[in-house]
$ cat model-v9.txt   # compact mmCIF, C-alpha atoms
# COMPACT_ATOMS: atom_id res chain seq x y z
CA MET G 100 -57.62 -102.47 -268.58
CA LYS G 101 -59.28 -100.31 -271.20
CA LYS G 102 -62.32 -99.84 -269.01
CA THR G 103 -60.26 -98.43 -266.18
CA LEU G 104 -58.05 -96.34 -268.39
CA LEU G 105 -60.81 -94.34 -270.05
CA PRO G 106 -62.34 -92.85 -266.90
CA LEU G 107 -58.84 -92.12 -265.71
CA ILE G 108 -58.04 -90.20 -268.89
CA ILE G 109 -61.34 -88.33 -268.62
CA PHE G 110 -60.61 -87.58 -264.97
CA PHE G 111 -57.16 -86.18 -265.69
CA ALA G 112 -58.45 -84.25 -268.67
CA LEU G 113 -61.14 -82.69 -266.49
CA VAL G 114 -58.68 -81.89 -263.73
CA GLN G 115 -56.38 -80.28 -266.21
CA PHE G 116 -59.23 -78.38 -267.82
CA SER G 117 -60.61 -77.05 -264.55
CA TYR G 118 -57.10 -76.26 -263.43
CA ALA G 119 -56.42 -74.19 -266.50
CA GLU G 120 -59.74 -72.39 -265.98
CA ASP G 121 -58.84 -71.55 -262.40
CA SER G 122 -55.30 -70.35 -262.90
CA ILE G 123 -56.52 -66.74 -262.95
CA VAL G 124 -59.01 -66.00 -260.20
CA ILE G 125 -60.82 -62.67 -260.16
CA SER G 126 -62.73 -61.54 -257.10
CA ASP G 127 -64.48 -58.43 -255.71
CA ALA G 128 -64.95 -56.88 -259.13
CA TRP G 129 -67.02 -53.68 -259.36
CA VAL G 130 -67.47 -50.63 -261.54
CA ARG G 131 -68.20 -47.16 -260.23
CA GLU G 132 -71.50 -45.63 -261.26
CA VAL G 133 -70.93 -42.12 -262.62
CA PRO G 134 -73.40 -39.29 -263.30
CA PRO G 135 -75.31 -39.61 -266.60
CA GLY G 136 -73.38 -37.98 -269.43
CA THR G 137 -70.00 -38.76 -267.89
CA SER G 138 -67.83 -40.52 -270.42
CA ILE G 139 -65.27 -41.94 -268.04
CA SER G 140 -65.35 -44.36 -265.10
CA ALA G 141 -63.26 -47.01 -263.42
CA GLY G 142 -63.43 -50.68 -262.50
CA TYR G 143 -61.73 -52.47 -259.63
CA MET G 144 -61.00 -56.09 -258.65
CA THR G 145 -58.48 -58.48 -257.24
CA ILE G 146 -56.61 -60.61 -259.78
CA GLU G 147 -54.88 -63.67 -258.46
CA ASN G 148 -52.59 -65.95 -260.41
CA LYS G 149 -53.18 -69.39 -258.92
CA GLY G 150 -51.56 -71.08 -261.89
CA LYS G 151 -48.24 -72.86 -262.04
CA HIS G 152 -46.65 -70.29 -264.31
CA ASP G 153 -46.15 -66.54 -264.55
CA ASP G 154 -48.74 -64.68 -266.54
CA LYS G 155 -49.37 -61.19 -267.90
CA LEU G 156 -52.48 -59.11 -268.39
CA ILE G 157 -51.95 -57.80 -271.89
CA SER G 158 -55.25 -56.20 -272.87
CA LEU G 159 -58.73 -55.33 -271.69
CA SER G 160 -62.09 -54.60 -273.25
CA SER G 161 -65.67 -53.88 -272.34
CA ASP G 162 -68.91 -53.62 -274.30
CA ILE G 163 -69.88 -50.41 -272.57
CA ALA G 164 -66.72 -48.43 -273.29
CA GLU G 165 -64.99 -47.44 -276.49
CA SER G 166 -61.65 -48.09 -274.89
CA THR G 167 -60.43 -49.83 -271.76
CA GLU G 168 -57.02 -49.21 -270.23
CA LEU G 169 -55.17 -50.08 -267.07
CA HIS G 170 -53.96 -47.06 -265.09
CA ILE G 171 -52.47 -46.34 -261.69
CA SER G 172 -53.17 -43.23 -259.61
CA LYS G 173 -50.21 -41.80 -257.78
CA VAL G 174 -50.19 -39.05 -255.18
CA ASP G 175 -46.81 -37.42 -254.48
CA GLU G 176 -45.63 -35.86 -251.20
CA ASN G 177 -47.15 -32.51 -252.23
CA GLY G 178 -50.59 -34.05 -252.65
CA VAL G 179 -50.48 -33.91 -256.46
CA ALA G 180 -52.39 -36.81 -258.01
CA THR G 181 -51.32 -38.08 -261.41
CA MET G 182 -51.97 -41.20 -263.44
CA GLU G 183 -49.76 -43.58 -265.33
CA MET G 184 -50.88 -46.08 -267.92
CA ILE G 185 -49.81 -49.67 -267.40
CA GLU G 186 -49.29 -51.40 -270.74
CA ILE G 187 -48.64 -54.86 -269.36
CA LEU G 188 -49.41 -56.08 -265.85
CA GLU G 189 -47.04 -58.80 -264.70
CA LEU G 190 -48.70 -61.55 -262.67
CA PRO G 191 -46.03 -63.83 -261.28
CA GLU G 192 -47.07 -67.32 -260.20
CA GLY G 193 -48.94 -67.29 -256.91
CA GLU G 194 -49.21 -63.51 -256.70
CA SER G 195 -52.28 -61.35 -256.53
CA VAL G 196 -52.79 -57.75 -257.54
CA GLU G 197 -55.43 -55.52 -256.02
CA LEU G 198 -57.08 -52.87 -258.18
CA LYS G 199 -58.67 -50.32 -255.83
CA PRO G 200 -59.71 -46.67 -255.64
CA GLY G 201 -56.69 -44.40 -255.43
CA GLY G 202 -54.45 -47.09 -256.87
CA MET G 203 -54.49 -49.33 -259.90
CA HIS G 204 -57.77 -49.26 -261.84
CA ILE G 205 -59.36 -50.26 -265.13
CA MET G 206 -60.22 -47.02 -266.89
CA LEU G 207 -63.38 -47.17 -268.96
CA ILE G 208 -63.16 -44.48 -271.62
CA GLY G 209 -65.98 -43.35 -273.88
CA ILE G 210 -68.88 -44.89 -271.97
CA LYS G 211 -71.66 -45.54 -274.46
CA GLU G 212 -74.67 -45.73 -272.16
CA SER G 213 -75.37 -44.41 -268.69
CA LEU G 214 -74.26 -46.67 -265.86
CA VAL G 215 -77.07 -45.37 -263.65
CA GLY G 216 -79.53 -48.19 -263.07
CA LYS G 217 -77.28 -50.78 -264.70
CA ASP G 218 -76.65 -53.87 -262.58
CA ASN G 219 -73.53 -55.29 -264.18
CA VAL G 220 -70.80 -54.43 -266.62
CA LYS G 221 -68.97 -57.10 -268.56
CA LEU G 222 -65.19 -56.74 -268.46
CA LYS G 223 -62.98 -58.93 -270.61
CA LEU G 224 -59.39 -59.40 -269.52
CA ASN G 225 -56.90 -60.96 -271.89
CA PHE G 226 -53.97 -62.81 -270.34
CA GLU G 227 -50.92 -63.95 -272.25
CA GLU G 228 -51.02 -67.51 -270.90
CA SER G 229 -54.57 -67.98 -269.64
CA GLY G 230 -56.35 -66.27 -272.51
CA ASP G 231 -59.62 -64.38 -272.07
CA VAL G 232 -61.28 -64.13 -268.69
CA THR G 233 -64.67 -62.41 -268.55
CA VAL G 234 -66.11 -60.97 -265.35
CA GLU G 235 -69.52 -59.52 -264.59
CA ALA G 236 -68.68 -56.54 -262.42
CA PRO G 237 -71.58 -55.09 -260.39
CA VAL G 238 -72.14 -51.35 -260.77
CA LYS G 239 -71.83 -49.61 -257.41
CA SER G 240 -73.24 -46.19 -256.69
CA PRO G 241 -70.76 -43.86 -254.97
CA ARG G 242 -73.60 -42.84 -252.69
CA SER G 243 -74.50 -46.34 -251.56
CA PRO G 244 -72.12 -46.88 -248.58
CA ALA G 245 -73.97 -44.30 -246.50
CA GLY G 246 -77.38 -45.41 -247.66
CA GLY G 247 -78.22 -42.69 -250.15
CA HIS G 248 -79.58 -40.20 -247.61
CA HIS G 249 -79.59 -36.63 -248.91
CA HIS G 250 -79.89 -33.15 -247.53
CA MET V 68 -38.02 -0.59 -195.92
CA LYS V 69 -35.30 -2.58 -197.63
CA ARG V 70 -36.94 -5.84 -196.70
CA ARG V 71 -40.23 -4.67 -198.18
CA ASN V 72 -38.48 -3.93 -201.52
CA VAL V 73 -36.93 -7.37 -201.59
CA PHE V 74 -40.37 -8.84 -200.88
CA LYS V 75 -41.92 -6.84 -203.74
CA ILE V 76 -39.21 -7.99 -206.15
CA LEU V 77 -39.75 -11.59 -205.07
CA ILE V 78 -43.51 -11.33 -205.61
CA GLY V 79 -42.87 -9.77 -209.04
CA LEU V 80 -40.50 -12.55 -210.01
CA LEU V 81 -42.98 -15.17 -208.82
CA CYS V 82 -45.69 -13.58 -210.96
CA LEU V 83 -43.41 -13.60 -214.01
CA ILE V 84 -42.51 -17.25 -213.44
CA LEU V 85 -46.19 -18.16 -213.08
CA ILE V 86 -47.07 -16.26 -216.26
CA GLY V 87 -44.24 -18.04 -218.07
CA TRP V 88 -45.48 -21.40 -216.87
CA GLY V 89 -48.98 -20.43 -217.92
CA ILE V 90 -47.82 -19.63 -221.44
CA ILE V 91 -45.85 -22.85 -221.73
CA LEU V 92 -48.77 -24.89 -220.40
CA TYR V 93 -51.19 -23.12 -222.78
CA GLN V 94 -48.93 -23.88 -225.73
CA ILE V 95 -48.62 -27.52 -224.74
CA ILE V 96 -52.41 -27.89 -224.39
CA ASP V 97 -53.04 -25.94 -227.61
CA GLN V 98 -50.52 -28.04 -229.52
CA LYS V 99 -51.98 -31.22 -228.13
CA SER V 100 -55.56 -30.27 -228.98
CA LYS V 101 -54.51 -29.34 -232.54
CA SER V 102 -52.70 -32.61 -233.04
CA ASP V 103 -55.93 -34.33 -232.03
CA TYR V 104 -57.50 -33.33 -235.34
CA TYR V 105 -57.66 -35.96 -238.07
CA GLY V 106 -56.77 -33.37 -240.73
CA ILE V 107 -53.38 -31.70 -240.95
CA VAL V 108 -53.47 -28.27 -239.25
CA HIS V 109 -52.86 -25.64 -241.91
CA GLU V 110 -53.81 -22.22 -240.42
CA ARG V 111 -53.69 -19.82 -243.29
CA GLU V 112 -56.11 -17.14 -244.37
CA ALA V 113 -58.43 -18.40 -247.12
CA PRO V 114 -58.04 -16.14 -250.18
CA SER V 115 -61.34 -14.78 -251.49
CA PHE V 116 -62.60 -15.73 -254.95
CA THR V 117 -65.63 -15.37 -257.20
CA LEU V 118 -66.49 -18.10 -259.73
CA THR V 119 -69.56 -19.36 -261.61
CA ASP V 120 -71.61 -22.24 -260.19
CA GLN V 121 -73.48 -25.00 -262.06
CA ASN V 122 -76.57 -22.78 -262.31
CA GLY V 123 -74.71 -19.85 -263.80
CA SER V 124 -74.70 -17.76 -260.62
CA LYS V 125 -71.65 -15.91 -259.38
CA VAL V 126 -70.46 -17.45 -256.13
CA SER V 127 -67.91 -16.01 -253.71
CA LEU V 128 -66.28 -17.59 -250.70
CA SER V 129 -67.79 -14.79 -248.58
CA ASN V 130 -71.27 -16.21 -249.37
CA PHE V 131 -70.49 -18.99 -246.90
CA LYS V 132 -69.36 -16.91 -243.91
CA GLY V 133 -70.42 -18.70 -240.77
CA LYS V 134 -70.20 -22.13 -242.41
CA VAL V 135 -67.49 -24.73 -242.63
CA VAL V 136 -66.40 -24.98 -246.26
CA LEU V 137 -64.85 -28.12 -247.72
CA LEU V 138 -62.96 -27.09 -250.85
CA PHE V 139 -61.79 -29.58 -253.45
CA PHE V 140 -60.15 -28.97 -256.82
CA GLY V 141 -60.79 -31.61 -259.49
CA TYR V 142 -62.27 -32.29 -262.93
CA THR V 143 -65.18 -34.32 -264.28
CA HIS V 144 -63.10 -36.40 -266.72
CA CYS V 145 -61.23 -37.79 -263.71
CA PRO V 146 -61.84 -41.56 -263.46
CA ASP V 147 -60.55 -42.44 -260.02
CA ILE V 148 -59.46 -39.86 -257.42
CA CYS V 149 -62.17 -37.20 -257.99
CA PRO V 150 -65.26 -39.46 -257.90
CA MET V 151 -63.77 -41.23 -254.91
CA THR V 152 -63.24 -37.93 -253.08
CA LEU V 153 -66.72 -36.62 -253.95
CA SER V 154 -68.15 -39.88 -252.66
CA VAL V 155 -66.20 -39.44 -249.40
CA LEU V 156 -67.49 -35.86 -249.07
CA ASN V 157 -71.05 -37.11 -249.58
CA ASN V 158 -70.48 -39.59 -246.76
CA VAL V 159 -69.11 -36.78 -244.56
CA VAL V 160 -72.29 -34.76 -245.14
CA ASP V 161 -74.42 -37.83 -244.38
CA GLU V 162 -72.45 -38.46 -241.23
CA LEU V 163 -73.11 -34.91 -239.98
CA GLY V 164 -76.90 -35.26 -240.07
CA ASP V 165 -78.58 -31.96 -239.11
CA GLN V 166 -75.22 -30.23 -238.71
CA ALA V 167 -74.68 -30.62 -242.45
CA ASP V 168 -76.66 -27.39 -242.90
CA ASN V 169 -73.61 -25.56 -241.55
CA VAL V 170 -71.27 -27.18 -244.08
CA GLN V 171 -70.78 -26.36 -247.76
CA VAL V 172 -68.86 -28.54 -250.19
CA LEU V 173 -67.30 -26.60 -253.08
CA PHE V 174 -65.80 -28.36 -256.10
CA VAL V 175 -63.61 -26.12 -258.24
CA SER V 176 -62.87 -27.46 -261.73
CA ILE V 177 -59.25 -27.19 -262.79
CA ASP V 178 -60.34 -28.18 -266.32
CA PRO V 179 -62.53 -25.20 -267.34
CA GLU V 180 -61.97 -26.06 -271.02
CA ARG V 181 -64.23 -29.12 -270.71
CA ASP V 182 -66.04 -28.44 -267.43
CA THR V 183 -68.64 -25.96 -268.53
CA GLN V 184 -71.48 -24.82 -266.31
CA ALA V 185 -73.81 -27.34 -268.03
CA LYS V 186 -71.32 -30.17 -267.53
CA LEU V 187 -71.06 -29.38 -263.81
CA LYS V 188 -74.85 -29.24 -263.57
CA SER V 189 -75.16 -32.85 -264.72
CA TYR V 190 -72.22 -33.98 -262.60
CA ILE V 191 -72.04 -32.31 -259.17
CA PRO V 192 -75.62 -32.66 -257.81
CA TYR V 193 -75.44 -36.40 -258.56
CA TYR V 194 -73.00 -36.82 -255.66
CA ASN V 195 -75.04 -34.63 -253.33
CA LYS V 196 -77.73 -32.06 -254.08
CA SER V 197 -76.13 -29.57 -251.70
CA PHE V 198 -72.73 -29.61 -253.44
CA ILE V 199 -71.72 -26.61 -255.51
CA GLY V 200 -69.53 -27.02 -258.60
CA LEU V 201 -67.54 -23.98 -259.72
CA THR V 202 -65.95 -23.09 -263.01
CA GLY V 203 -64.70 -19.96 -264.73
CA THR V 204 -62.40 -18.70 -267.42
CA PRO V 205 -58.96 -20.39 -267.54
CA GLN V 206 -57.53 -17.14 -266.13
CA GLU V 207 -59.98 -17.11 -263.20
CA ILE V 208 -59.26 -20.76 -262.38
CA ASP V 209 -55.52 -20.12 -262.66
CA LYS V 210 -55.76 -17.32 -260.14
CA VAL V 211 -57.83 -19.26 -257.57
CA ALA V 212 -55.61 -22.35 -257.84
CA ASP V 213 -52.51 -20.20 -257.50
CA ASP V 214 -53.93 -18.38 -254.46
CA TYR V 215 -54.62 -21.74 -252.80
CA ASN V 216 -51.28 -23.29 -253.85
CA ILE V 217 -53.13 -25.89 -255.92
CA PHE V 218 -50.87 -27.22 -258.63
CA TYR V 219 -52.51 -28.58 -261.78
CA SER V 220 -51.43 -29.39 -265.31
CA LYS V 221 -52.48 -31.31 -268.38
CA GLU V 222 -50.80 -34.68 -268.39
CA GLU V 223 -48.90 -36.10 -271.29
CA VAL V 224 -50.38 -39.58 -271.17
CA GLU V 225 -50.75 -41.77 -274.19
CA SER V 226 -54.35 -42.59 -273.56
CA VAL V 227 -57.39 -42.38 -275.77
CA SER V 228 -59.22 -40.49 -273.01
CA GLY V 229 -58.28 -37.16 -274.58
CA TYR V 230 -56.22 -35.75 -271.78
CA LEU V 231 -55.94 -36.28 -268.07
CA MET V 232 -55.07 -33.71 -265.44
CA GLY V 233 -52.49 -33.90 -262.71
CA HIS V 234 -53.75 -31.92 -259.73
CA ASN V 235 -53.42 -31.39 -256.03
CA SER V 236 -56.06 -33.70 -254.62
CA SER V 237 -56.20 -32.56 -250.99
CA VAL V 238 -59.47 -31.35 -249.49
CA LEU V 239 -59.17 -28.02 -247.65
CA LEU V 240 -61.34 -27.24 -244.64
CA ILE V 241 -62.13 -23.54 -244.18
CA ILE V 242 -63.54 -22.57 -240.78
CA PRO V 243 -66.37 -20.01 -240.36
CA ASP V 244 -64.01 -17.08 -239.71
CA GLY V 245 -62.37 -17.57 -243.12
CA GLU V 246 -59.21 -19.47 -242.31
CA ILE V 247 -57.94 -22.62 -244.04
CA PHE V 248 -57.68 -24.62 -240.86
CA LEU V 249 -57.23 -28.24 -241.92
CA ARG V 250 -56.05 -30.14 -244.96
CA TYR V 251 -56.95 -33.71 -245.91
CA PRO V 252 -54.56 -35.41 -248.32
CA GLN V 253 -55.68 -38.59 -250.09
CA ASN V 254 -54.37 -40.81 -247.29
CA ARG V 255 -56.75 -39.09 -244.83
CA MET V 256 -60.11 -39.73 -246.44
CA ASP V 257 -62.08 -41.42 -243.70
CA PRO V 258 -65.54 -39.77 -243.74
CA VAL V 259 -66.31 -40.47 -240.07
CA SER V 260 -63.03 -38.88 -238.92
CA ILE V 261 -63.50 -35.83 -241.18
CA ALA V 262 -67.05 -35.43 -239.83
CA GLY V 263 -65.59 -35.72 -236.32
CA ASP V 264 -63.27 -32.75 -236.97
CA ILE V 265 -66.21 -30.69 -238.27
CA LYS V 266 -68.35 -31.54 -235.23
CA ARG V 267 -65.53 -30.28 -233.00
CA ILE V 268 -65.27 -27.03 -234.96
CA LEU V 269 -69.01 -26.29 -235.13
$ encode --input "model-v9.txt" --output "structure tokens"
Amino acid sequence: MKKTLLPLIIFFALVQFSYAEDSIVISDAWVREVPPGTSISAGYMTIENKGKHDDKLISLSSDIAESTELHISKVDENGVATMEMIEILELPEGESVELKPGGMHIMLIGIKESLVGKDNVKLKLNFEESGDVTVEAPVKSPRSPAGGHHH
Amino acid sequence: MKRRNVFKILIGLLCLILIGWGIILYQIIDQKSKSDYYGIVHEREAPSFTLTDQNGSKVSLSNFKGKVVLLFFGYTHCPDICPMTLSVLNNVVDELGDQADNVQVLFVSIDPERDTQAKLKSYIPYYNKSFIGLTGTPQEIDKVADDYNIFYSKEEVESVSGYLMGHNSSVLLIIPDGEIFLRYPQNRMDPVSIAGDIKRIL
């Protein structure tokens, strides 16, 4: 009895552990490379709440920036682009939120070292229920999609 | 004699009808060909201006007569929309290949307080060596933005980024004869389609 119970407990503990780890799934993370000397940039990703409960993104941080905030770009009918800060991002159970250029983005403010030539940037997201989730976001050059050909 | 007069009148009327049809047909074709552009047809004379580029030289719109000018108003402390747009414009230039020599991208800073000539020098060529960044005194920038109906203002955002700017983020396409011909709002930022419009114009 005891012999069968122990592996079972371990199994359920592991399942629970891995389940808790996977409740927030982050994919397609990247940070935009900006010209040297530029103190501001943005990061993008898809955040999915695969957990069994609602969650909230309550804070962000990154080693490379003095401050990290969540913002959303908005363009009105006259073409005027503005930004709004999002203090708390609600992540209802089963929902996913896409952070993309021209929309919601992680603003990296006060960049300490040039992103040029850097492979990855560590972004730490703090969720109310799931705790800290760290992602290694690759740095993408804005010139890369067309292959970096210049005139 | 009388019959001949009637005949003349009939011929005259026929000519008028044909001319009328011609005009209508021309308008239909013209309208159709304009709606074929990816950008929104604007058709307004491009106001002249003189500003300072990233190398400290005075630059006027008239310097680019004979070229297609892509004009964009932004600022270097802009985290999302401006780098994205400059990246799109770089892709447009790439897409044009040899024809890119007949195109000039101009970036006008609407944040002259922070966007000095030196700041633009380290920022603009990064996106493409052919791009020209322009700045000036706040009064000069005010005038150019006003002439082009470009709204901009400092935003009251509680952010540690200093301040952000709200600004009109459309790209204006000026054709070689000095007319603002097309406008690309942020929802029309496909580089291949923009390059397609330019190829048609050149």
$ interface_residues --input "model-v9.txt" --of "chain V" --to "chain G" --cutoff "6 Å" --atoms "all atoms listed in the file" --output "VMD selection string"
chain V and resid 146 148 154 158 190 193 228 233 to 236
$ residues_near_point --input "model-v9.txt" --point "(-70.4, -25.1, -268.4)" --cutoff "10 Å" --atoms "all atoms listed in the file" --output "PyMOL selection string"
chain V and resi 119-123+179-189+201-203
$ closest_residue --input "model-v9.txt" --among "V:Val73, V:Val155, V:Ile241, V:Ile107" --to "Ser129 (chain V)" --atoms "all atoms listed in the file"
V:Ile241
$ residues_around --input "model-v9.txt" --residues "region 213-223 of chain V" --least-positions-apart "2" --cutoff "7 Å" --atoms "all atoms listed in the file" --output "list of chain:residue names"
V:Pro114, V:Ile177, V:Asp209, V:Lys210, V:Val211, V:Glu225, V:Tyr230, V:Leu231, V:Met232, V:Gly233, V:His234, V:Asn235
$ atom_distance --input "model-v9.txt" --atom1 "CA of Asn195 (chain V)" --atom2 "CA of Gly229 (chain V)"
27.2 Å
$ residues_around --input "model-v9.txt" --residues "Gly141 (chain V)" --least-positions-apart "6" --cutoff "7 Å" --atoms "only C-alpha atoms" --output "JSON, numbers by chain"
{"V": [149, 174, 175, 176, 177]}
$ atom_distance --input "model-v9.txt" --atom1 "CA of Glu112 (chain V)" --atom2 "CA of Asp244 (chain V)"
9.2 Å
$ residues_around --input "model-v9.txt" --residues "Asp127 (chain G)" --least-positions-apart "3" --cutoff "10 Å" --atoms "all atoms listed in the file" --output "list in words"
Tyr143, Met144, Thr145, Ile146, Glu197, Leu198, Lys199, Ala236 and Pro237 of chain G
$ atom_distance --input "model-v9.txt" --atom1 "CA of Ile91 (chain V)" --atom2 "CA of Lys266 (chain V)"
27.6 Å
$ residues_around --input "model-v9.txt" --residues "region 154-160 of chain G" --least-positions-apart "3" --cutoff "9 Å" --atoms "all atoms listed in the file" --output "list in words"
Ile123, Asn148, Gly150, Ile163, Ala164, Glu165, Ser166, Thr167, Glu168, Leu169, Glu186, Ile187, Leu188, Glu189, Leu190, Pro191, Glu192, Ile205, Leu207, Lys221, Leu222, Lys223, Leu224, Asn225, Phe226, Glu227, Glu228 and Ser229 of chain G
$ write_last_selection --input "model-v9.txt" --atoms "C-alpha atoms" --output "compact mmCIF listing (two decimals), in the coordinates of the input"
# COMPACT_ATOMS: atom_id res chain seq x y z
CA ILE G 123 -56.52 -66.74 -262.95
CA ASN G 148 -52.59 -65.95 -260.41
CA GLY G 150 -51.56 -71.08 -261.89
CA ILE G 163 -69.88 -50.41 -272.57
CA ALA G 164 -66.72 -48.43 -273.29
CA GLU G 165 -64.99 -47.44 -276.49
CA SER G 166 -61.65 -48.09 -274.89
CA THR G 167 -60.43 -49.83 -271.76
CA GLU G 168 -57.02 -49.21 -270.23
CA LEU G 169 -55.17 -50.08 -267.07
CA GLU G 186 -49.29 -51.40 -270.74
CA ILE G 187 -48.64 -54.86 -269.36
CA LEU G 188 -49.41 -56.08 -265.85
CA GLU G 189 -47.04 -58.80 -264.70
CA LEU G 190 -48.70 -61.55 -262.67
CA PRO G 191 -46.03 -63.83 -261.28
CA GLU G 192 -47.07 -67.32 -260.20
CA ILE G 205 -59.36 -50.26 -265.13
CA LEU G 207 -63.38 -47.17 -268.96
CA LYS G 221 -68.97 -57.10 -268.56
CA LEU G 222 -65.19 -56.74 -268.46
CA LYS G 223 -62.98 -58.93 -270.61
CA LEU G 224 -59.39 -59.40 -269.52
CA ASN G 225 -56.90 -60.96 -271.89
CA PHE G 226 -53.97 -62.81 -270.34
CA GLU G 227 -50.92 -63.95 -272.25
CA GLU G 228 -51.02 -67.51 -270.90
CA SER G 229 -54.57 -67.98 -269.64
